[in-house]
$ cat final_22.cif   # mmCIF, C-alpha atoms and all ligand atoms
data_protein
loop_
_atom_site.label_atom_id
_atom_site.label_comp_id
_atom_site.auth_asym_id
_atom_site.auth_seq_id
_atom_site.Cartn_x
_atom_site.Cartn_y
_atom_site.Cartn_z
CA MET A 3 8.17 -28.33 -15.36
CA ALA A 4 9.72 -27.87 -11.92
CA GLY A 5 8.22 -24.39 -11.63
CA GLN A 6 4.78 -25.48 -12.80
CA LYS A 7 4.81 -28.28 -10.24
CA ARG A 8 5.60 -25.78 -7.49
CA ILE A 9 2.71 -23.57 -8.62
CA CYS A 10 0.36 -26.56 -8.69
CA SER A 11 1.33 -27.56 -5.16
CA THR A 12 0.74 -24.03 -3.76
CA SER A 13 -2.47 -22.95 -2.04
CA VAL A 14 -3.59 -19.32 -1.86
CA LEU A 15 -6.33 -17.74 0.24
CA CYS A 16 -7.89 -14.71 -1.40
CA ILE A 17 -9.65 -12.41 1.09
CA GLY A 18 -12.42 -10.82 -0.99
CA ALA A 19 -13.76 -11.70 -4.45
CA GLY A 20 -14.21 -8.06 -5.45
CA GLY A 21 -12.10 -5.54 -7.40
CA LEU A 22 -8.67 -6.84 -6.41
CA GLY A 23 -9.79 -10.43 -5.89
CA SER A 24 -11.11 -10.66 -9.46
CA PRO A 25 -7.84 -10.35 -11.42
CA ILE A 26 -5.86 -12.06 -8.66
CA ALA A 27 -8.00 -15.20 -8.60
CA MET A 28 -8.43 -15.32 -12.39
CA TYR A 29 -4.68 -15.11 -13.09
CA LEU A 30 -3.86 -17.56 -10.31
CA ALA A 31 -6.36 -20.04 -11.72
CA ALA A 32 -4.94 -19.55 -15.21
CA ALA A 33 -1.42 -20.07 -13.86
CA GLY A 34 -2.50 -23.36 -12.28
CA ILE A 35 -2.30 -22.58 -8.56
CA GLY A 36 -3.45 -25.87 -7.02
CA ARG A 37 -5.97 -24.62 -4.49
CA ILE A 38 -7.60 -21.20 -4.30
CA GLY A 39 -9.69 -20.26 -1.26
CA LEU A 40 -12.16 -17.39 -1.59
CA VAL A 41 -13.46 -15.52 1.46
CA ASP A 42 -16.52 -13.45 0.60
CA PHE A 43 -20.09 -13.40 1.89
CA ASP A 44 -21.27 -10.49 -0.27
CA ILE A 45 -23.76 -10.47 -3.14
CA VAL A 46 -22.89 -9.28 -6.67
CA ASP A 47 -24.38 -5.83 -7.26
CA PHE A 48 -24.74 -4.17 -10.65
CA SER A 49 -22.52 -1.29 -9.48
CA ASN A 50 -19.64 -3.76 -8.85
CA LEU A 51 -19.25 -4.78 -12.47
CA GLN A 52 -17.16 -1.77 -13.56
CA ARG A 53 -14.18 -3.24 -11.66
CA GLN A 54 -15.07 -6.75 -10.41
CA ILE A 55 -14.50 -8.50 -13.72
CA ILE A 56 -14.81 -12.03 -12.36
CA HIS A 57 -18.60 -11.39 -12.26
CA GLY A 58 -20.92 -10.60 -15.17
CA THR A 59 -24.36 -9.05 -15.59
CA GLU A 60 -26.01 -12.46 -15.24
CA ASP A 61 -24.37 -12.88 -11.82
CA VAL A 62 -26.07 -9.83 -10.27
CA GLY A 63 -27.86 -11.04 -7.13
CA ARG A 64 -25.71 -14.16 -6.75
CA HIS A 65 -23.20 -14.85 -4.00
CA LYS A 66 -19.82 -13.48 -5.07
CA GLY A 67 -18.07 -16.68 -4.01
CA GLU A 68 -20.29 -18.88 -6.17
CA SER A 69 -20.11 -16.54 -9.14
CA ALA A 70 -16.30 -16.34 -8.82
CA ARG A 71 -15.93 -20.11 -8.50
CA GLU A 72 -17.83 -20.61 -11.75
CA THR A 73 -15.54 -18.21 -13.61
CA LEU A 74 -12.41 -19.83 -12.16
CA ARG A 75 -13.63 -23.31 -13.09
CA SER A 76 -14.25 -22.23 -16.66
CA ILE A 77 -10.73 -20.78 -16.85
CA ASN A 78 -9.11 -23.86 -15.31
CA PRO A 79 -11.16 -26.86 -14.17
CA GLY A 80 -8.02 -28.38 -12.64
CA VAL A 81 -7.95 -25.82 -9.83
CA ASP A 82 -9.55 -26.73 -6.51
CA VAL A 83 -11.66 -23.69 -5.57
CA VAL A 84 -12.74 -23.61 -1.92
CA LEU A 85 -15.46 -21.19 -0.81
CA HIS A 86 -15.50 -19.62 2.64
CA SER A 87 -18.84 -17.79 2.51
CA VAL A 88 -18.37 -16.05 5.84
CA ARG A 89 -17.28 -12.69 7.15
CA LEU A 90 -13.66 -13.15 8.23
CA SER A 91 -13.65 -12.66 12.01
CA SER A 92 -11.44 -13.11 15.03
CA GLU A 93 -13.30 -16.37 15.68
CA ASN A 94 -12.64 -18.01 12.29
CA ALA A 95 -9.58 -16.26 10.77
CA LEU A 96 -6.83 -18.44 12.25
CA GLU A 97 -8.60 -21.66 11.34
CA ILE A 98 -9.28 -20.56 7.74
CA ILE A 99 -5.85 -19.01 7.09
CA GLN A 100 -4.01 -21.96 8.67
CA GLY A 101 -4.88 -24.16 5.70
CA TYR A 102 -3.11 -22.06 3.05
CA ASP A 103 0.49 -21.27 2.06
CA ILE A 104 -0.03 -17.66 0.99
CA VAL A 105 -2.69 -15.06 1.85
CA VAL A 106 -3.67 -12.21 -0.44
CA ASP A 107 -5.45 -9.15 0.90
CA GLY A 108 -8.16 -8.00 -1.50
CA THR A 109 -10.33 -6.41 1.16
CA ASP A 110 -11.81 -2.92 1.14
CA ASN A 111 -12.21 -2.26 4.86
CA PHE A 112 -9.88 -1.60 7.75
CA PRO A 113 -11.16 -4.13 10.31
CA THR A 114 -10.62 -7.02 7.85
CA ARG A 115 -7.26 -5.60 6.76
CA TYR A 116 -5.90 -5.46 10.33
CA LEU A 117 -7.41 -8.85 11.10
CA THR A 118 -5.78 -10.41 8.02
CA ASN A 119 -2.46 -8.82 8.92
CA ASP A 120 -2.51 -9.98 12.53
CA ALA A 121 -3.61 -13.53 11.71
CA CYS A 122 -0.89 -13.83 9.02
CA VAL A 123 1.83 -12.59 11.38
CA LEU A 124 0.71 -14.96 14.14
CA LEU A 125 0.64 -17.90 11.70
CA LYS A 126 3.83 -16.83 9.82
CA LYS A 127 2.06 -16.67 6.44
CA PRO A 128 3.09 -14.15 3.77
CA ASN A 129 0.38 -11.49 3.34
CA VAL A 130 0.34 -10.08 -0.19
CA TYR A 131 -1.15 -6.64 0.29
CA GLY A 132 -2.85 -4.30 -2.15
CA SER A 133 -5.20 -1.36 -1.81
CA ILE A 134 -6.83 1.07 -4.20
CA PHE A 135 -8.65 4.37 -4.06
CA ARG A 136 -9.83 6.62 -6.88
CA PHE A 137 -6.74 6.90 -9.16
CA GLU A 138 -4.11 5.51 -6.81
CA GLY A 139 -3.04 2.15 -5.48
CA GLN A 140 -0.32 0.48 -3.44
CA ALA A 141 1.11 -2.99 -3.01
CA SER A 142 3.58 -4.79 -0.76
CA VAL A 143 4.27 -8.17 0.82
CA PHE A 144 4.06 -8.24 4.61
CA ALA A 145 6.07 -11.07 6.11
CA PRO A 146 7.98 -10.43 9.35
CA HIS A 147 9.07 -14.09 9.29
CA LEU A 148 10.86 -13.35 5.99
CA GLY A 149 12.58 -10.26 7.41
CA GLY A 150 10.10 -7.52 6.40
CA PRO A 151 7.59 -5.40 8.29
CA CYS A 152 3.87 -6.00 8.80
CA TYR A 153 0.94 -3.70 7.99
CA ARG A 154 0.96 -2.36 11.56
CA CYS A 155 4.60 -1.28 11.21
CA LEU A 156 3.42 0.93 8.34
CA TYR A 157 0.03 2.01 9.72
CA PRO A 158 -0.05 1.46 13.51
CA GLU A 159 -3.53 3.02 13.84
CA PRO A 160 -6.54 2.89 11.52
CA PRO A 161 -7.97 6.22 10.32
CA PRO A 162 -11.05 7.47 12.21
CA PRO A 163 -14.23 5.80 10.90
CA GLY A 164 -15.87 7.74 8.08
CA MET A 165 -12.62 9.58 7.17
CA VAL A 166 -11.76 7.29 4.27
CA PRO A 167 -14.67 6.52 1.95
CA SER A 168 -14.92 3.01 0.50
CA CYS A 169 -14.54 2.34 -3.24
CA ALA A 170 -18.33 2.25 -3.45
CA GLU A 171 -18.59 5.73 -1.92
CA GLY A 172 -15.40 7.40 -3.13
CA GLY A 173 -15.21 5.73 -6.51
CA VAL A 174 -12.29 3.97 -8.15
CA LEU A 175 -11.04 3.88 -11.72
CA GLY A 176 -12.20 0.46 -12.90
CA VAL A 177 -8.84 -0.67 -14.32
CA LEU A 178 -6.93 0.26 -11.16
CA PRO A 179 -7.69 -2.97 -9.26
CA GLY A 180 -6.60 -4.75 -12.45
CA ILE A 181 -3.16 -3.14 -12.23
CA ILE A 182 -2.68 -3.56 -8.47
CA GLY A 183 -4.28 -7.04 -8.46
CA CYS A 184 -1.92 -8.21 -11.22
CA MET A 185 1.02 -6.96 -9.16
CA GLN A 186 -0.27 -9.01 -6.21
CA ALA A 187 -0.73 -12.09 -8.42
CA THR A 188 2.85 -11.61 -9.68
CA GLU A 189 4.18 -11.54 -6.11
CA ILE A 190 2.22 -14.71 -5.28
CA LEU A 191 3.71 -16.60 -8.24
CA LYS A 192 7.22 -15.39 -7.30
CA LEU A 193 6.70 -16.58 -3.71
CA ALA A 194 5.42 -19.94 -4.98
CA LEU A 195 8.43 -20.29 -7.28
CA GLY A 196 10.96 -18.90 -4.80
CA LYS A 197 12.24 -16.63 -7.56
CA GLY A 198 13.13 -12.97 -7.94
CA THR A 199 13.12 -10.10 -5.46
CA SER A 200 9.80 -9.90 -3.67
CA LEU A 201 8.05 -6.79 -2.34
CA VAL A 202 8.98 -7.80 1.23
CA GLY A 203 10.27 -4.55 2.78
CA ARG A 204 9.10 -2.41 -0.16
CA LEU A 205 5.89 -0.48 -0.80
CA VAL A 206 5.04 0.32 -4.41
CA LEU A 207 2.80 3.36 -4.94
CA PHE A 208 1.03 3.78 -8.26
CA ASN A 209 -0.70 6.87 -9.61
CA ALA A 210 -2.81 6.18 -12.69
CA LEU A 211 -3.37 9.84 -13.62
CA ASP A 212 0.37 10.51 -13.81
CA MET A 213 1.11 6.89 -14.86
CA LYS A 214 3.93 6.88 -12.29
CA PHE A 215 5.27 4.28 -9.90
CA LYS A 216 7.12 5.18 -6.72
CA GLU A 217 8.84 2.86 -4.29
CA LEU A 218 9.32 3.28 -0.56
CA LYS A 219 11.64 1.17 1.55
CA LEU A 220 9.90 -0.26 4.59
CA ARG A 221 11.55 -1.43 7.77
CA ARG A 222 10.14 -3.54 10.53
CA ASP A 223 9.31 -1.27 13.48
CA PRO A 224 11.00 -2.65 16.61
CA GLN A 225 8.15 -0.96 18.58
CA CYS A 226 5.42 -2.67 16.51
CA PRO A 227 2.85 -4.09 18.95
CA LEU A 228 2.53 -7.20 16.78
CA CYS A 229 5.87 -8.04 15.14
CA GLY A 230 8.16 -5.80 17.23
CA ASP A 231 10.78 -6.84 19.75
CA HIS A 232 8.32 -6.78 22.65
CA PRO A 233 4.91 -7.51 21.11
CA SER A 234 1.86 -6.64 23.21
CA ILE A 235 -0.58 -8.39 20.87
CA GLN A 236 -0.51 -12.15 21.37
CA GLY A 237 -3.80 -13.07 19.74
CA LEU A 238 -6.62 -11.66 17.64
CA ILE A 239 -8.59 -8.71 19.04
CA ASP A 240 -11.95 -7.02 18.36
CA TYR A 241 -11.20 -5.28 15.05
CA ASP A 242 -14.46 -3.34 14.74
CA GLN A 243 -13.76 -1.82 18.12
CA PHE A 244 -10.09 -1.17 17.20
CA CYS A 245 -11.28 0.67 14.07
CA GLY A 246 -13.91 2.62 16.03
CA ILE A 247 -16.88 0.96 14.36
CA PRO A 248 -19.93 0.44 16.57
CA ALA A 249 -20.99 -3.15 17.21
CA GLU A 250 -23.49 -4.70 14.78
CA PRO A 251 -26.73 -4.39 16.83
CA ALA A 252 -26.26 -0.63 17.28
CA GLN A 253 -26.10 -0.24 13.49
CA THR A 254 -29.28 -2.16 12.81
CA ASP A 255 -31.26 -0.51 15.63
CA ALA A 256 -33.54 2.27 14.53
CA HIS A 257 -31.62 5.55 14.64
CA PRO A 258 -33.65 8.34 16.25
CA ASP A 259 -32.76 10.70 13.39
CA GLU A 260 -33.62 8.27 10.59
CA VAL A 261 -36.70 7.34 8.60
CA THR A 262 -37.10 4.51 6.08
CA VAL A 263 -37.71 4.86 2.34
CA GLN A 264 -41.27 3.66 2.99
CA GLU A 265 -41.82 6.69 5.26
CA MET A 266 -40.26 8.90 2.60
CA LYS A 267 -42.74 7.50 0.05
CA LYS A 268 -45.64 8.31 2.39
CA ALA A 269 -44.38 11.88 2.71
CA LEU A 270 -44.10 12.24 -1.08
CA ASP A 271 -47.50 10.63 -1.74
CA ASN A 272 -49.28 12.74 0.82
CA PRO A 273 -48.41 16.46 0.61
CA LYS A 274 -50.87 17.17 3.44
CA LEU A 275 -48.31 15.77 5.86
CA GLY A 276 -46.30 18.90 5.11
CA ILE A 277 -42.99 17.09 4.88
CA GLN A 278 -40.49 18.23 2.27
CA VAL A 279 -37.92 15.78 0.93
CA ILE A 280 -34.57 17.16 -0.22
CA ASP A 281 -31.69 15.40 -1.96
CA VAL A 282 -28.16 16.37 -0.84
CA ARG A 283 -26.20 14.44 -3.46
CA GLU A 284 -24.11 16.19 -6.15
CA PRO A 285 -25.48 17.30 -9.56
CA ASP A 286 -23.72 14.53 -11.53
CA GLU A 287 -25.39 11.92 -9.33
CA TYR A 288 -28.76 13.64 -9.75
CA GLN A 289 -28.30 13.26 -13.52
CA ILE A 290 -27.92 9.50 -13.16
CA ALA A 291 -30.83 8.90 -10.82
CA ARG A 292 -33.48 11.05 -9.21
CA ILE A 293 -36.82 10.74 -7.49
CA GLU A 294 -39.69 12.68 -9.02
CA GLY A 295 -40.51 15.80 -7.01
CA VAL A 296 -37.38 15.79 -4.83
CA PRO A 297 -35.26 18.93 -5.29
CA LEU A 298 -31.47 18.90 -5.21
CA VAL A 299 -29.55 20.83 -2.53
CA PRO A 300 -26.00 19.40 -2.76
CA LEU A 301 -24.24 18.90 0.58
CA SER A 302 -21.23 20.83 -0.79
CA THR A 303 -23.41 23.94 -1.30
CA LEU A 304 -25.38 23.64 1.94
CA PRO A 305 -23.22 26.10 3.92
CA GLN A 306 -24.18 28.82 1.36
CA LYS A 307 -27.67 27.66 0.43
CA PHE A 308 -29.26 26.65 3.72
CA THR A 309 -30.59 30.19 4.19
CA ALA A 310 -33.07 29.48 1.39
CA LEU A 311 -34.56 26.67 3.49
CA ASP A 312 -37.11 27.20 6.26
CA PRO A 313 -35.83 26.26 9.74
CA ASN A 314 -39.41 25.53 10.87
CA GLN A 315 -40.23 23.25 7.94
CA GLN A 316 -40.07 19.47 8.39
CA TYR A 317 -37.45 17.95 6.07
CA TYR A 318 -36.57 14.40 5.11
CA ILE A 319 -32.99 14.45 3.81
CA SER A 320 -31.91 11.86 1.25
CA CYS A 321 -28.54 11.04 -0.37
CA LYS A 322 -27.09 7.93 -2.03
CA SER A 323 -26.76 5.59 0.95
CA GLY A 324 -27.71 7.57 4.06
CA ILE A 325 -24.30 8.79 5.25
CA ARG A 326 -24.13 12.26 3.70
CA SER A 327 -27.76 12.88 4.67
CA LEU A 328 -26.79 12.39 8.32
CA LYS A 329 -23.97 14.92 7.83
CA ALA A 330 -26.44 17.37 6.29
CA LEU A 331 -28.83 16.76 9.17
CA LYS A 332 -26.11 17.52 11.71
CA PHE A 333 -25.12 20.69 9.87
CA LEU A 334 -28.71 21.98 9.53
CA ARG A 335 -29.44 21.21 13.16
CA GLU A 336 -26.48 23.35 14.15
CA GLN A 337 -28.07 26.16 12.12
CA GLY A 338 -31.25 25.92 14.20
CA PHE A 339 -33.39 23.61 12.03
CA LYS A 340 -35.78 21.69 14.27
CA TYR A 341 -37.61 19.01 12.27
CA LEU A 342 -35.11 16.89 10.39
CA LYS A 343 -34.87 13.22 9.48
CA SER A 344 -32.28 11.39 7.39
CA VAL A 345 -33.54 8.77 4.95
CA LYS A 346 -31.87 5.46 5.77
CA GLY A 347 -30.26 3.83 2.72
CA GLY A 348 -30.97 6.87 0.53
CA ILE A 349 -31.78 6.55 -3.15
CA SER A 350 -30.10 3.10 -3.27
CA ALA A 351 -32.68 1.73 -0.82
CA TRP A 352 -35.41 3.56 -2.77
CA ALA A 353 -34.29 1.77 -5.96
CA ASP A 354 -34.25 -1.59 -4.14
CA GLU A 355 -37.49 -1.30 -2.20
CA ILE A 356 -39.78 1.24 -3.86
CA ASP A 357 -39.00 1.86 -7.52
CA HIS A 358 -36.83 -0.60 -9.49
CA SER A 359 -36.79 1.74 -12.49
CA VAL A 360 -34.49 4.16 -10.60
CA PRO A 361 -30.94 3.33 -11.74
CA LYS A 362 -28.35 2.26 -9.17
CA TYR A 363 -24.79 3.48 -9.46
ZN ZN B 1 4.74 -5.00 12.56
#
$ encode --input "final_22.cif" --output "structure tokens"
Amino acid sequence: MAGQKRICSTSVLCIGAGGLGSPIAMYLAAAGIGRIGLVDFDIVDFSNLQRQIIHGTEDVGRHKGESARETLRSINPGVDVVLHSVRLSSENALEIIQGYDIVVDGTDNFPTRYLTNDACVLLKKPNVYGSIFRFEGQASVFAPHLGGPCYRCLYPEPPPPGMVPSCAEGGVLGVLPGIIGCMQATEILKLALGKGTSLVGRLVLFNALDMKFKELKLRRDPQCPLCGDHPSIQGLIDYDQFCGIPAEPAQTDAHPDEVTVQEMKKALDNPKLGIQVIDVREPDEYQIARIEGVPLVPLSTLPQKFTALDPNQQYYISCKSGIRSLKALKFLREQGFKYLKSVKGGISAWADEIDHSVPKY
């Protein structure tokens, strides 16, 4: 009874209602955590369902927060579920996080991860960390105020942008966020109960292919710019800039090397334009979804196969989302190709805007 009362009087803020957020929030609701905050502004996509089990097929197209709240209420109507349907930012993070006892990091991007870490350290809130990629995951509890390190002690600098693909690009075994998320939920309940030995000062690494757990001891870095002995960071910073991501307007502006899927359709419908569209995805992706009349030249084979292409021909290059096609464009340009455009949004945008019968993955 005493333990259940402690759980009921605890509030948890879950950053992200995606792969990790799904099992975390569902188990916390089932356990009777009194108040669960959900930060997510994203929309449920069909391709999320393989790992984001808080959402179902009928939720595709809905706000993730609203879909998640409905699931949590059906598990336990006694839980107060609070939606924060915003992108966590330097402007709102302190205010949102301030209202909760424990924060759990279920995010999939570096700017939000560093932002969550910094806000938690500044507000002295435990940050229950988890991350996943392909077949591997890791978990820890960052809490300098409880004697452990913070995320910056472990990873002082983010990787260069584009180096680490997201789960959507790189793929993740669907059960992996279940395993790591359940470990995070376990740590939250232990913190709420004040029981056991927490993951403060320890990083657990999990490899699903080998089914092996490893543990690393973590120490607070006295040189850490945030939680070190002489911290240089006193407040929240610009995390997109810190992670090398260009500001929003630059991303939405028309890129000189890009065309839209509408322009690609015009090129395909009208051969007289003399534009050839090529697809640089991999063969297994081509098996799932393809556009009639667009040949496959996988990016991985381009260094060998580009000689079969005509450097004076005009090409529109397409991939899944428009990132690899820009890489292919850069490579072909270096080989002397003159007339190249990358199709913005790739086959995913084609499926959304031109032909709904093309499967998304
Ligand atoms: Zn630190």
$ atom_distance --input "final_22.cif" --atom1 "CA of Ile247 in chain A" --atom2 "CA of Arg89 in chain A"
15.4 Å
$ residues_near_ligand --input "final_22.cif" --ligand "ligand ZN 1 (chain B)" --cutoff "7 Å" --atoms "all atoms listed in the file" --output "PyMOL selection string"
chain A and resi 151-155+222-223+226-230
$ atom_distance --input "final_22.cif" --atom1 "CA of Glu60 in chain A" --atom2 "CA of Cys184 in chain A"
24.8 Å
$ residues_around --input "final_22.cif" --residues "Tyr102 in chain A" --least-positions-apart "5" --cutoff "12 Å" --atoms "only C-alpha atoms" --output "PDB file with C-alpha atoms, in the frame of the given file"
ATOM      1  CA  SER A  11       1.330 -27.560  -5.160  1.00  0.00           C
ATOM      2  CA  THR A  12       0.740 -24.030  -3.760  1.00  0.00           C
ATOM      3  CA  SER A  13      -2.470 -22.950  -2.040  1.00  0.00           C
ATOM      4  CA  VAL A  14      -3.590 -19.320  -1.860  1.00  0.00           C
ATOM      5  CA  LEU A  15      -6.330 -17.740   0.240  1.00  0.00           C
ATOM      6  CA  CYS A  16      -7.890 -14.710  -1.400  1.00  0.00           C
ATOM      7  CA  ILE A  17      -9.650 -12.410   1.090  1.00  0.00           C
ATOM      8  CA  ILE A  35      -2.300 -22.580  -8.560  1.00  0.00           C
ATOM      9  CA  GLY A  36      -3.450 -25.870  -7.020  1.00  0.00           C
ATOM     10  CA  ARG A  37      -5.970 -24.620  -4.490  1.00  0.00           C
ATOM     11  CA  ILE A  38      -7.600 -21.200  -4.300  1.00  0.00           C
ATOM     12  CA  GLY A  39      -9.690 -20.260  -1.260  1.00  0.00           C
ATOM     13  CA  LEU A  40     -12.160 -17.390  -1.590  1.00  0.00           C
ATOM     14  CA  VAL A  84     -12.740 -23.610  -1.920  1.00  0.00           C
ATOM     15  CA  ALA A  95      -9.580 -16.260  10.770  1.00  0.00           C
ATOM     16  CA  LEU A  96      -6.830 -18.440  12.250  1.00  0.00           C
ATOM     17  CA  GLU A  97      -8.600 -21.660  11.340  1.00  0.00           C
ATOM     18  CA  CYS A 122      -0.890 -13.830   9.020  1.00  0.00           C
ATOM     19  CA  LEU A 125       0.640 -17.900  11.700  1.00  0.00           C
ATOM     20  CA  LYS A 126       3.830 -16.830   9.820  1.00  0.00           C
ATOM     21  CA  LYS A 127       2.060 -16.670   6.440  1.00  0.00           C
ATOM     22  CA  PRO A 128       3.090 -14.150   3.770  1.00  0.00           C
ATOM     23  CA  ASN A 129       0.380 -11.490   3.340  1.00  0.00           C
ATOM     24  CA  ALA A 194       5.420 -19.940  -4.980  1.00  0.00           C
TER      25      ALA A 194
END
$ atom_distance --input "final_22.cif" --atom1 "CA of Gly324 in chain A" --atom2 "CA of Gly347 in chain A"
4.7 Å
$ axis_aligned_box --input "final_22.cif" --around "range 308-323 of chain A" --padding-each-side "6 Å" --output "lines of an AutoDock Vina configuration file"
center_x = -33.5
center_y = 17.9
center_z = 4.4
size_x = 25.5
size_y = 36.6
size_z = 24.9
